[in-house]
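A.B. asks: Hey, dropping data_14.tsv in here, TSV, N, CA and C atoms:
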chain	number	residue	atom	x	y	z
A	24	MET	N	-18.33	-10.38	4.23
A	24	MET	CA	-17.44	-9.31	4.63
A	24	MET	C	-16.33	-9.87	5.51
A	25	ALA	N	-15.12	-9.54	5.20
A	25	ALA	CA	-13.98	-10.00	5.98
A	25	ALA	C	-13.91	-9.24	7.31
A	26	ILE	N	-13.52	-9.95	8.35
A	26	ILE	CA	-13.35	-9.35	9.67
A	26	ILE	C	-11.94	-8.77	9.73
A	27	LYS	N	-11.87	-7.46	9.89
A	27	LYS	CA	-10.57	-6.78	9.98
A	27	LYS	C	-10.30	-6.24	11.37
A	28	SER	N	-11.34	-6.15	12.18
A	28	SER	CA	-11.23	-5.57	13.51
A	28	SER	C	-12.36	-6.11	14.38
A	29	TYR	N	-12.18	-6.02	15.67
A	29	TYR	CA	-13.25	-6.42	16.59
A	29	TYR	C	-14.50	-5.57	16.35
A	30	ARG	N	-14.34	-4.38	15.81
A	30	ARG	CA	-15.48	-3.49	15.55
A	30	ARG	C	-16.38	-4.02	14.43
A	31	ASP	N	-15.89	-4.98	13.65
A	31	ASP	CA	-16.66	-5.55	12.56
A	31	ASP	C	-17.70	-6.58	13.03
A	32	PHE	N	-17.60	-7.01	14.27
A	32	PHE	CA	-18.52	-8.01	14.80
A	32	PHE	C	-19.80	-7.33	15.27
A	33	GLU	N	-20.92	-7.89	14.86
A	33	GLU	CA	-22.22	-7.36	15.29
A	33	GLU	C	-22.35	-7.42	16.82
A	34	VAL	N	-21.84	-8.46	17.43
A	34	VAL	CA	-21.95	-8.61	18.87
A	34	VAL	C	-21.24	-7.45	19.58
A	35	TYR	N	-20.10	-7.05	19.07
A	35	TYR	CA	-19.40	-5.89	19.65
A	35	TYR	C	-20.25	-4.63	19.49
A	36	GLN	N	-20.76	-4.42	18.29
A	36	GLN	CA	-21.56	-3.22	18.01
A	36	GLN	C	-22.78	-3.14	18.92
A	37	ARG	N	-23.46	-4.26	19.11
A	37	ARG	CA	-24.64	-4.29	19.98
A	37	ARG	C	-24.26	-3.95	21.43
A	38	ALA	N	-23.23	-4.59	21.93
A	38	ALA	CA	-22.83	-4.38	23.32
A	38	ALA	C	-22.32	-2.96	23.54
A	39	HIS	N	-21.58	-2.47	22.59
A	39	HIS	CA	-21.03	-1.11	22.70
A	39	HIS	C	-22.14	-0.06	22.76
A	40	LYS	N	-23.18	-0.26	21.95
A	40	LYS	CA	-24.31	0.68	21.93
A	40	LYS	C	-25.09	0.70	23.24
A	41	LEU	N	-24.99	-0.34	24.02
A	41	LEU	CA	-25.76	-0.43	25.27
A	41	LEU	C	-25.11	0.30	26.44
A	42	ILE	N	-23.86	0.66	26.33
A	42	ILE	CA	-23.16	1.25	27.48
A	42	ILE	C	-23.86	2.52	27.97
A	43	ILE	N	-24.12	3.47	27.10
A	43	ILE	CA	-24.73	4.74	27.53
A	43	ILE	C	-26.14	4.52	28.08
A	44	PRO	N	-27.02	3.77	27.39
A	44	PRO	CA	-28.34	3.54	27.98
A	44	PRO	C	-28.30	2.85	29.34
A	45	ILE	N	-27.37	1.93	29.52
A	45	ILE	CA	-27.27	1.23	30.80
A	45	ILE	C	-26.76	2.19	31.88
A	46	TYR	N	-25.81	3.04	31.54
A	46	TYR	CA	-25.34	4.04	32.50
A	46	TYR	C	-26.49	4.94	32.94
A	47	LYS	N	-27.29	5.38	31.98
A	47	LYS	CA	-28.43	6.25	32.32
A	47	LYS	C	-29.44	5.52	33.19
A	48	LEU	N	-29.70	4.27	32.86
A	48	LEU	CA	-30.62	3.46	33.65
A	48	LEU	C	-30.07	3.26	35.06
A	49	ALA	N	-28.80	2.93	35.15
A	49	ALA	CA	-28.17	2.71	36.46
A	49	ALA	C	-28.17	3.99	37.29
A	50	ASP	N	-27.98	5.11	36.63
A	50	ASP	CA	-27.99	6.39	37.36
A	50	ASP	C	-29.36	6.75	37.89
A	51	SER	N	-30.40	6.12	37.38
A	51	SER	CA	-31.75	6.40	37.86
A	51	SER	C	-32.11	5.58	39.10
A	52	LEU	N	-31.24	4.66	39.48
A	52	LEU	CA	-31.50	3.84	40.67
A	52	LEU	C	-31.41	4.70	41.93
A	53	PRO	N	-32.03	4.24	43.01
A	53	PRO	CA	-31.97	5.00	44.27
A	53	PRO	C	-30.53	5.20	44.74
A	54	LYS	N	-30.32	6.27	45.47
A	54	LYS	CA	-28.97	6.61	45.95
A	54	LYS	C	-28.36	5.50	46.79
A	55	ASP	N	-29.17	4.77	47.56
A	55	ASP	CA	-28.61	3.71	48.39
A	55	ASP	C	-28.09	2.52	47.58
A	56	GLU	N	-28.37	2.50	46.29
A	56	GLU	CA	-27.83	1.45	45.40
A	56	GLU	C	-26.56	1.92	44.68
A	57	ARG	N	-26.09	3.09	45.03
A	57	ARG	CA	-24.95	3.70	44.33
A	57	ARG	C	-23.72	2.78	44.28
A	58	PHE	N	-23.42	2.12	45.39
A	58	PHE	CA	-22.22	1.27	45.44
A	58	PHE	C	-22.55	-0.21	45.33
A	59	ASP	N	-23.76	-0.51	44.97
A	59	ASP	CA	-24.16	-1.91	44.85
A	59	ASP	C	-24.65	-2.19	43.43
A	60	LEU	N	-25.95	-2.21	43.23
A	60	LEU	CA	-26.50	-2.57	41.93
A	60	LEU	C	-26.06	-1.61	40.83
A	61	ARG	N	-26.08	-0.32	41.11
A	61	ARG	CA	-25.66	0.67	40.10
A	61	ARG	C	-24.22	0.40	39.65
A	62	SER	N	-23.34	0.22	40.61
A	62	SER	CA	-21.94	-0.03	40.30
A	62	SER	C	-21.76	-1.33	39.51
A	63	GLN	N	-22.48	-2.36	39.92
A	63	GLN	CA	-22.36	-3.64	39.23
A	63	GLN	C	-22.85	-3.56	37.79
A	64	MET	N	-23.95	-2.85	37.59
A	64	MET	CA	-24.48	-2.70	36.24
A	64	MET	C	-23.50	-1.95	35.34
A	65	ARG	N	-22.92	-0.90	35.88
A	65	ARG	CA	-21.98	-0.11	35.09
A	65	ARG	C	-20.74	-0.92	34.72
A	66	ARG	N	-20.25	-1.71	35.67
A	66	ARG	CA	-19.06	-2.53	35.39
A	66	ARG	C	-19.37	-3.68	34.44
A	67	ALA	N	-20.52	-4.31	34.63
A	67	ALA	CA	-20.87	-5.47	33.80
A	67	ALA	C	-21.11	-5.07	32.34
A	68	CYS	N	-21.76	-3.94	32.11
A	68	CYS	CA	-22.02	-3.54	30.72
A	68	CYS	C	-20.71	-3.25	29.99
A	69	LYS	N	-19.74	-2.69	30.70
A	69	LYS	CA	-18.42	-2.45	30.08
A	69	LYS	C	-17.64	-3.73	29.93
A	70	SER	N	-17.84	-4.66	30.86
A	70	SER	CA	-17.13	-5.94	30.81
A	70	SER	C	-17.51	-6.76	29.59
A	71	VAL	N	-18.75	-6.69	29.17
A	71	VAL	CA	-19.18	-7.41	27.97
A	71	VAL	C	-18.30	-6.99	26.80
A	72	VAL	N	-18.15	-5.69	26.64
A	72	VAL	CA	-17.38	-5.14	25.52
A	72	VAL	C	-15.89	-5.40	25.72
A	73	SER	N	-15.38	-5.09	26.89
A	73	SER	CA	-13.94	-5.20	27.15
A	73	SER	C	-13.42	-6.63	26.99
A	74	ASN	N	-14.18	-7.59	27.52
A	74	ASN	CA	-13.74	-8.98	27.39
A	74	ASN	C	-13.82	-9.47	25.96
A	75	PHE	N	-14.81	-8.99	25.21
A	75	PHE	CA	-14.88	-9.37	23.81
A	75	PHE	C	-13.66	-8.85	23.07
A	76	VAL	N	-13.33	-7.59	23.28
A	76	VAL	CA	-12.19	-6.96	22.60
A	76	VAL	C	-10.89	-7.66	23.00
A	77	GLU	N	-10.73	-7.92	24.30
A	77	GLU	CA	-9.51	-8.59	24.73
A	77	GLU	C	-9.41	-10.00	24.15
A	78	GLY	N	-10.53	-10.69	24.06
A	78	GLY	CA	-10.53	-12.01	23.44
A	78	GLY	C	-10.10	-11.94	21.98
A	79	TYR	N	-10.62	-10.95	21.27
A	79	TYR	CA	-10.25	-10.78	19.87
A	79	TYR	C	-8.75	-10.55	19.73
A	80	SER	N	-8.15	-9.86	20.68
A	80	SER	CA	-6.71	-9.59	20.60
A	80	SER	C	-5.88	-10.86	20.77
A	81	HIS	N	-6.51	-11.93	21.25
A	81	HIS	CA	-5.82	-13.21	21.41
A	81	HIS	C	-6.28	-14.22	20.36
A	82	LYS	N	-6.69	-13.72	19.19
A	82	LYS	CA	-7.22	-14.62	18.16
A	82	LYS	C	-6.20	-15.65	17.69
A	83	ASP	N	-4.92	-15.39	17.92
A	83	ASP	CA	-3.90	-16.37	17.56
A	83	ASP	C	-3.75	-17.47	18.62
A	84	THR	N	-4.44	-17.30	19.75
A	84	THR	CA	-4.44	-18.29	20.82
A	84	THR	C	-5.90	-18.62	21.16
A	85	PRO	N	-6.49	-19.56	20.42
A	85	PRO	CA	-7.93	-19.84	20.56
A	85	PRO	C	-8.40	-20.11	21.98
A	86	THR	N	-7.60	-20.77	22.79
A	86	THR	CA	-8.02	-21.06	24.16
A	86	THR	C	-8.21	-19.77	24.95
A	87	LYS	N	-7.28	-18.86	24.81
A	87	LYS	CA	-7.39	-17.56	25.50
A	87	LYS	C	-8.56	-16.76	24.95
A	88	MET	N	-8.68	-16.73	23.64
A	88	MET	CA	-9.74	-15.97	23.00
A	88	MET	C	-11.10	-16.45	23.50
A	89	LYS	N	-11.32	-17.76	23.47
A	89	LYS	CA	-12.60	-18.31	23.91
A	89	LYS	C	-12.84	-18.07	25.39
A	90	SER	N	-11.80	-18.06	26.19
A	90	SER	CA	-11.95	-17.78	27.61
A	90	SER	C	-12.46	-16.36	27.84
A	91	PHE	N	-11.90	-15.39	27.15
A	91	PHE	CA	-12.37	-14.01	27.27
A	91	PHE	C	-13.79	-13.87	26.73
A	92	TRP	N	-14.09	-14.56	25.64
A	92	TRP	CA	-15.44	-14.49	25.08
A	92	TRP	C	-16.46	-15.13	26.03
A	93	ARG	N	-16.04	-16.17	26.75
A	93	ARG	CA	-16.94	-16.76	27.76
A	93	ARG	C	-17.18	-15.76	28.90
A	94	ASN	N	-16.13	-15.04	29.28
A	94	ASN	CA	-16.30	-14.00	30.31
A	94	ASN	C	-17.25	-12.91	29.82
A	95	SER	N	-17.13	-12.56	28.56
A	95	SER	CA	-18.02	-11.57	27.97
A	95	SER	C	-19.46	-12.08	28.00
A	96	MET	N	-19.65	-13.33	27.65
A	96	MET	CA	-20.99	-13.93	27.68
A	96	MET	C	-21.52	-13.96	29.11
A	97	GLY	N	-20.66	-14.26	30.06
A	97	GLY	CA	-21.06	-14.25	31.46
A	97	GLY	C	-21.52	-12.87	31.90
A	98	SER	N	-20.82	-11.84	31.45
A	98	SER	CA	-21.21	-10.47	31.81
A	98	SER	C	-22.52	-10.08	31.14
A	99	ALA	N	-22.76	-10.55	29.94
A	99	ALA	CA	-24.05	-10.29	29.28
A	99	ALA	C	-25.19	-10.94	30.07
A	100	ASN	N	-24.98	-12.17	30.51
A	100	ASN	CA	-25.99	-12.86	31.32
A	100	ASN	C	-26.14	-12.17	32.68
A	101	GLU	N	-25.04	-11.67	33.21
A	101	GLU	CA	-25.08	-10.92	34.47
A	101	GLU	C	-25.94	-9.66	34.30
A	102	MET	N	-25.81	-9.00	33.17
A	102	MET	CA	-26.62	-7.80	32.92
A	102	MET	C	-28.11	-8.14	32.89
A	103	VAL	N	-28.47	-9.25	32.30
A	103	VAL	CA	-29.88	-9.68	32.30
A	103	VAL	C	-30.35	-9.81	33.74
A	104	GLU	N	-29.57	-10.45	34.58
A	104	GLU	CA	-29.94	-10.64	35.98
A	104	GLU	C	-30.04	-9.31	36.72
A	105	HIS	N	-29.08	-8.41	36.50
A	105	HIS	CA	-29.13	-7.10	37.17
A	105	HIS	C	-30.40	-6.34	36.77
A	106	LEU	N	-30.73	-6.39	35.51
A	106	LEU	CA	-31.93	-5.69	35.04
A	106	LEU	C	-33.19	-6.31	35.64
A	107	GLU	N	-33.23	-7.63	35.71
A	107	GLU	CA	-34.38	-8.30	36.31
A	107	GLU	C	-34.48	-8.00	37.80
A	108	GLN	N	-33.35	-7.88	38.48
A	108	GLN	CA	-33.37	-7.52	39.90
A	108	GLN	C	-33.89	-6.10	40.09
A	109	ALA	N	-33.49	-5.19	39.23
A	109	ALA	CA	-33.96	-3.80	39.32
A	109	ALA	C	-35.47	-3.74	39.18
A	110	VAL	N	-36.02	-4.57	38.31
A	110	VAL	CA	-37.48	-4.63	38.15
A	110	VAL	C	-38.11	-5.25	39.40
A	111	MET	N	-37.54	-6.35	39.85
A	111	MET	CA	-38.06	-7.06	41.02
A	111	MET	C	-38.08	-6.15	42.25
A	112	LEU	N	-37.06	-5.31	42.39
A	112	LEU	CA	-36.97	-4.39	43.53
A	112	LEU	C	-37.79	-3.12	43.31
A	113	ASP	N	-38.46	-3.07	42.16
A	113	ASP	CA	-39.33	-1.95	41.82
A	113	ASP	C	-38.57	-0.62	41.66
A	114	TYR	N	-37.33	-0.74	41.20
A	114	TYR	CA	-36.52	0.45	40.94
A	114	TYR	C	-36.77	0.98	39.52
A	115	ILE	N	-37.04	0.05	38.61
A	115	ILE	CA	-37.21	0.38	37.19
A	115	ILE	C	-38.39	-0.45	36.67
A	116	SER	N	-39.13	0.10	35.75
A	116	SER	CA	-40.27	-0.65	35.21
A	116	SER	C	-39.78	-1.72	34.24
A	117	ALA	N	-40.54	-2.76	34.13
A	117	ALA	CA	-40.22	-3.83	33.19
A	117	ALA	C	-40.16	-3.30	31.76
A	118	ALA	N	-41.04	-2.36	31.45
A	118	ALA	CA	-41.06	-1.78	30.10
A	118	ALA	C	-39.73	-1.10	29.76
A	119	ASN	N	-39.09	-0.51	30.76
A	119	ASN	CA	-37.81	0.17	30.53
A	119	ASN	C	-36.63	-0.80	30.42
A	120	THR	N	-36.79	-1.99	30.95
A	120	THR	CA	-35.67	-2.94	30.91
A	120	THR	C	-35.80	-3.98	29.80
A	121	GLU	N	-37.02	-4.25	29.35
A	121	GLU	CA	-37.24	-5.32	28.37
A	121	GLU	C	-36.37	-5.20	27.11
A	122	PRO	N	-36.23	-4.00	26.52
A	122	PRO	CA	-35.37	-3.92	25.32
A	122	PRO	C	-33.91	-4.29	25.62
A	123	HIS	N	-33.44	-3.90	26.81
A	123	HIS	CA	-32.05	-4.20	27.18
A	123	HIS	C	-31.86	-5.68	27.50
A	124	VAL	N	-32.84	-6.26	28.16
A	124	VAL	CA	-32.79	-7.70	28.44
A	124	VAL	C	-32.77	-8.47	27.12
A	125	ALA	N	-33.58	-8.06	26.19
A	125	ALA	CA	-33.62	-8.72	24.87
A	125	ALA	C	-32.27	-8.59	24.16
A	126	GLU	N	-31.67	-7.42	24.21
A	126	GLU	CA	-30.37	-7.20	23.56
A	126	GLU	C	-29.28	-8.05	24.21
A	127	TYR	N	-29.23	-8.05	25.53
A	127	TYR	CA	-28.19	-8.84	26.20
A	127	TYR	C	-28.40	-10.34	25.99
A	128	THR	N	-29.63	-10.76	25.85
A	128	THR	CA	-29.90	-12.17	25.54
A	128	THR	C	-29.37	-12.52	24.16
A	129	ILE	N	-29.59	-11.63	23.20
A	129	ILE	CA	-29.06	-11.84	21.84
A	129	ILE	C	-27.53	-11.85	21.87
A	130	ILE	N	-26.95	-10.91	22.59
A	130	ILE	CA	-25.49	-10.82	22.69
A	130	ILE	C	-24.92	-12.12	23.25
A	131	ALA	N	-25.52	-12.64	24.31
A	131	ALA	CA	-25.03	-13.89	24.91
A	131	ALA	C	-25.13	-15.04	23.91
A	132	LYS	N	-26.22	-15.09	23.17
A	132	LYS	CA	-26.38	-16.13	22.15
A	132	LYS	C	-25.35	-15.98	21.03
A	133	GLN	N	-25.10	-14.76	20.59
A	133	GLN	CA	-24.11	-14.52	19.55
A	133	GLN	C	-22.71	-14.94	20.03
A	134	LEU	N	-22.40	-14.61	21.26
A	134	LEU	CA	-21.10	-15.01	21.81
A	134	LEU	C	-20.98	-16.52	21.88
A	135	ASN	N	-22.04	-17.18	22.26
A	135	ASN	CA	-22.03	-18.63	22.31
A	135	ASN	C	-21.74	-19.23	20.94
A	136	VAL	N	-22.37	-18.67	19.91
A	136	VAL	CA	-22.13	-19.13	18.54
A	136	VAL	C	-20.68	-18.87	18.14
A	137	LEU	N	-20.16	-17.70	18.47
A	137	LEU	CA	-18.76	-17.39	18.14
A	137	LEU	C	-17.80	-18.35	18.82
A	138	ILE	N	-18.06	-18.65	20.07
A	138	ILE	CA	-17.18	-19.56	20.82
A	138	ILE	C	-17.18	-20.94	20.16
A	139	LYS	N	-18.35	-21.41	19.75
A	139	LYS	CA	-18.45	-22.75	19.15
A	139	LYS	C	-17.91	-22.78	17.72
A	140	ASN	N	-18.04	-21.68	16.99
A	140	ASN	CA	-17.69	-21.67	15.56
A	140	ASN	C	-16.60	-20.66	15.22
A	141	TRP	N	-15.70	-20.41	16.12
A	141	TRP	CA	-14.72	-19.34	15.94
A	141	TRP	C	-13.87	-19.49	14.68
A	142	ARG	N	-13.65	-20.68	14.23
A	142	ARG	CA	-12.81	-20.88	13.05
A	142	ARG	C	-13.42	-20.29	11.77
A	143	LYS	N	-14.74	-20.15	11.75
A	143	LYS	CA	-15.43	-19.61	10.58
A	143	LYS	C	-15.30	-18.08	10.47
A	144	PHE	N	-14.83	-17.47	11.55
A	144	PHE	CA	-14.76	-16.03	11.56
A	144	PHE	C	-13.32	-15.57	11.43
Represent the structure of the file as structure tokens.
C.D. replies:
Amino acid sequence: MAIKSYRDFEVYQRAHKLIIPIYKLADSLPKDERFDLRSQMRRACKSVVSNFVEGYSHKDTPTKMKSFWRNSMGSANEMVEHLEQAVMLDYISAANTEPHVAEYTIIAKQLNVLIKNWRKF
């Protein structure tokens, strides 16, 4: 299948689908985390998607594109850490975070492959 839009990438689709569940999870955190972990989780989950899209818009400039995709990968890894911290702090159960950790791990791996093999796409 030819890539006609950033929406055609599985990595975009996966990250985009996680925004609402992450917002709901973040909203379940204690009120004293409102401007800390909750805020960071909400920003990071959107950053994965936003940086991927912005990178795609620079597909004619591979250096810029890969830089944005690296930022996207960094935000995916950041989400894994935020979710693990929420479990460690006993705010959320591991069972509630495991599917999201697995998804963000896949997203980071997919971005890594795209960065290394961007010419094939």
A.B. asks: From the list A:Tyr114, A:Trp92, A:Tyr79, A:Trp141, which residue is nearest Pro53 of chain A when using only C-alpha atoms?
C.D. replies: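 Comparing A:Tyr114, A:Trp92, A:Tyr79, A:Trp141 against Pro53 of chain A, the winner is A:Tyr114.
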A.B. asks: Which residue is closest to Ser90 of chain A? Choose from A:Lys132, A:Glu126, A:Glu77, A:Ser51 and count all atoms listed in the file.
C.D. replies: A:Glu77
A.B. asks: Taking into account only C-alpha atoms, which residue in the set A:Met64, A:Ile129, A:Ala25, A:Met96 is nearest to Ile43 of chain A?
C.D. replies: A:Met64
A.B. asks: So, counting only N, CA and C atoms, which residue among A:Ile138, A:Ala131, A:Ala109, A:Ala49 is closest to Val34 of chain A?
C.D. replies: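 Going through A:Ile138, A:Ala131, A:Ala109, A:Ala49 one by one, the smallest distance to Val34 of chain A is for A:Ala131.
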A.B. asks: Just the alpha helix (DSSP H) stuff from segment 25-141 of chain A, please, per backbone DSSP, written as number ranges by chain.
C.D. replies: A: 33-50, 60-80, 85-111, 117-139
A.B. asks: Just to confirm, what's the straight-line distance from atom N of Cys68 of chain A to atom N of Met102 of chain A in Å (one decimal)?
C.D. replies: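 Rounded to one decimal, the two atoms are 6.6 Å apart.
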A.B. asks: Atom C of Tyr29 of chain A and atom N of Val136 of chain A are how many Å apart?
C.D. replies: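 Computed distance, atom C of Tyr29 of chain A to atom N of Val136 of chain A, equals 15.7 Å.
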A.B. asks: Distance atom N of Gln108 of chain A-atom C of Val124 of chain A, one decimal place?
C.D. replies: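 Interatomic distance here is 11.4 Å.
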A.B. asks: Closest to Ile130 of chain A among A:Asp113, A:Ser95, A:His81, A:Ala118, using all atoms listed in the file?
C.D. replies: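 The answer is A:Ser95, which sits nearest to Ile130 of chain A.
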A.B. asks: Which of these residues is nearest to Val71 of chain A, using all atoms listed in the file: A:Gln133, A:Asn119, A:Ser28, A:Asn94?
C.D. replies: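 With all atoms listed in the file as the atom set, the closest residue is A:Asn94.
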A.B. asks: Kindly complete segment 56-66 of chain A to all heavy atoms; the output should be written as a compact mmCIF listing (two decimals), in the coordinates of the input.
C.D. replies:
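Final file, selection.txt:
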# COMPACT_ATOMS: atom_id res chain seq x y z
N GLU A 56 -28.37 2.50 46.29
CA GLU A 56 -27.83 1.45 45.40
C GLU A 56 -26.56 1.92 44.68
O GLU A 56 -26.03 1.21 43.83
CB GLU A 56 -28.88 1.05 44.36
CG GLU A 56 -30.00 0.22 44.92
CD GLU A 56 -29.57 -1.19 45.35
OE1 GLU A 56 -28.45 -1.61 45.06
OE2 GLU A 56 -30.40 -1.85 45.98
N ARG A 57 -26.09 3.09 45.03
CA ARG A 57 -24.95 3.70 44.33
C ARG A 57 -23.72 2.78 44.28
O ARG A 57 -23.05 2.68 43.26
CB ARG A 57 -24.58 5.01 45.01
CG ARG A 57 -23.50 5.75 44.31
CD ARG A 57 -23.28 7.08 44.96
NE ARG A 57 -22.40 7.87 44.11
CZ ARG A 57 -21.96 9.04 44.44
NH1 ARG A 57 -22.32 9.58 45.57
NH2 ARG A 57 -21.17 9.69 43.63
N PHE A 58 -23.42 2.12 45.39
CA PHE A 58 -22.22 1.27 45.44
C PHE A 58 -22.55 -0.21 45.33
O PHE A 58 -21.70 -1.05 45.55
CB PHE A 58 -21.44 1.55 46.73
CG PHE A 58 -20.98 2.97 46.82
CD1 PHE A 58 -21.58 3.85 47.70
CD2 PHE A 58 -19.98 3.44 45.99
CE1 PHE A 58 -21.17 5.18 47.78
CE2 PHE A 58 -19.57 4.76 46.05
CZ PHE A 58 -20.16 5.63 46.95
N ASP A 59 -23.76 -0.51 44.97
CA ASP A 59 -24.16 -1.91 44.85
C ASP A 59 -24.65 -2.19 43.43
O ASP A 59 -23.85 -2.36 42.51
CB ASP A 59 -25.22 -2.23 45.90
CG ASP A 59 -25.48 -3.73 46.04
OD1 ASP A 59 -24.68 -4.53 45.54
OD2 ASP A 59 -26.49 -4.09 46.65
N LEU A 60 -25.95 -2.21 43.23
CA LEU A 60 -26.50 -2.57 41.93
C LEU A 60 -26.06 -1.61 40.83
O LEU A 60 -25.68 -2.05 39.74
CB LEU A 60 -28.03 -2.64 42.02
CG LEU A 60 -28.77 -3.15 40.78
CD1 LEU A 60 -28.28 -4.54 40.38
CD2 LEU A 60 -30.28 -3.17 41.05
N ARG A 61 -26.08 -0.32 41.11
CA ARG A 61 -25.66 0.67 40.10
C ARG A 61 -24.22 0.40 39.65
O ARG A 61 -23.93 0.35 38.46
CB ARG A 61 -25.77 2.08 40.67
CG ARG A 61 -25.26 3.15 39.73
CD ARG A 61 -25.39 4.54 40.41
NE ARG A 61 -24.80 5.58 39.62
CZ ARG A 61 -23.59 6.07 39.84
NH1 ARG A 61 -22.84 5.62 40.83
NH2 ARG A 61 -23.12 7.02 39.06
N SER A 62 -23.34 0.22 40.61
CA SER A 62 -21.94 -0.03 40.30
C SER A 62 -21.76 -1.33 39.51
O SER A 62 -21.00 -1.39 38.53
CB SER A 62 -21.13 -0.09 41.60
OG SER A 62 -19.79 -0.42 41.35
N GLN A 63 -22.48 -2.36 39.92
CA GLN A 63 -22.36 -3.64 39.23
C GLN A 63 -22.85 -3.56 37.79
O GLN A 63 -22.25 -4.15 36.89
CB GLN A 63 -23.13 -4.71 40.00
CG GLN A 63 -22.53 -4.99 41.35
CD GLN A 63 -22.35 -6.46 41.61
OE1 GLN A 63 -23.13 -7.27 41.15
NE2 GLN A 63 -21.32 -6.80 42.34
N MET A 64 -23.95 -2.85 37.59
CA MET A 64 -24.48 -2.70 36.24
C MET A 64 -23.50 -1.95 35.34
O MET A 64 -23.27 -2.34 34.19
CB MET A 64 -25.83 -1.97 36.27
CG MET A 64 -26.97 -2.81 36.80
SD MET A 64 -28.50 -1.89 37.02
CE MET A 64 -28.95 -1.58 35.32
N ARG A 65 -22.92 -0.90 35.88
CA ARG A 65 -21.98 -0.11 35.09
C ARG A 65 -20.74 -0.92 34.72
O ARG A 65 -20.25 -0.86 33.60
CB ARG A 65 -21.61 1.16 35.86
CG ARG A 65 -22.76 2.15 35.94
CD ARG A 65 -22.50 3.26 36.92
NE ARG A 65 -21.37 4.07 36.54
CZ ARG A 65 -21.39 5.38 36.39
NH1 ARG A 65 -22.50 6.05 36.60
NH2 ARG A 65 -20.31 6.03 36.05
N ARG A 66 -20.25 -1.71 35.67
CA ARG A 66 -19.06 -2.53 35.39
C ARG A 66 -19.37 -3.68 34.44
O ARG A 66 -18.60 -3.97 33.54
CB ARG A 66 -18.46 -3.05 36.69
CG ARG A 66 -17.72 -1.95 37.44
CD ARG A 66 -17.06 -2.45 38.71
NE ARG A 66 -18.11 -2.65 39.71
CZ ARG A 66 -18.18 -3.70 40.52
NH1 ARG A 66 -17.29 -4.65 40.48
NH2 ARG A 66 -19.16 -3.80 41.39
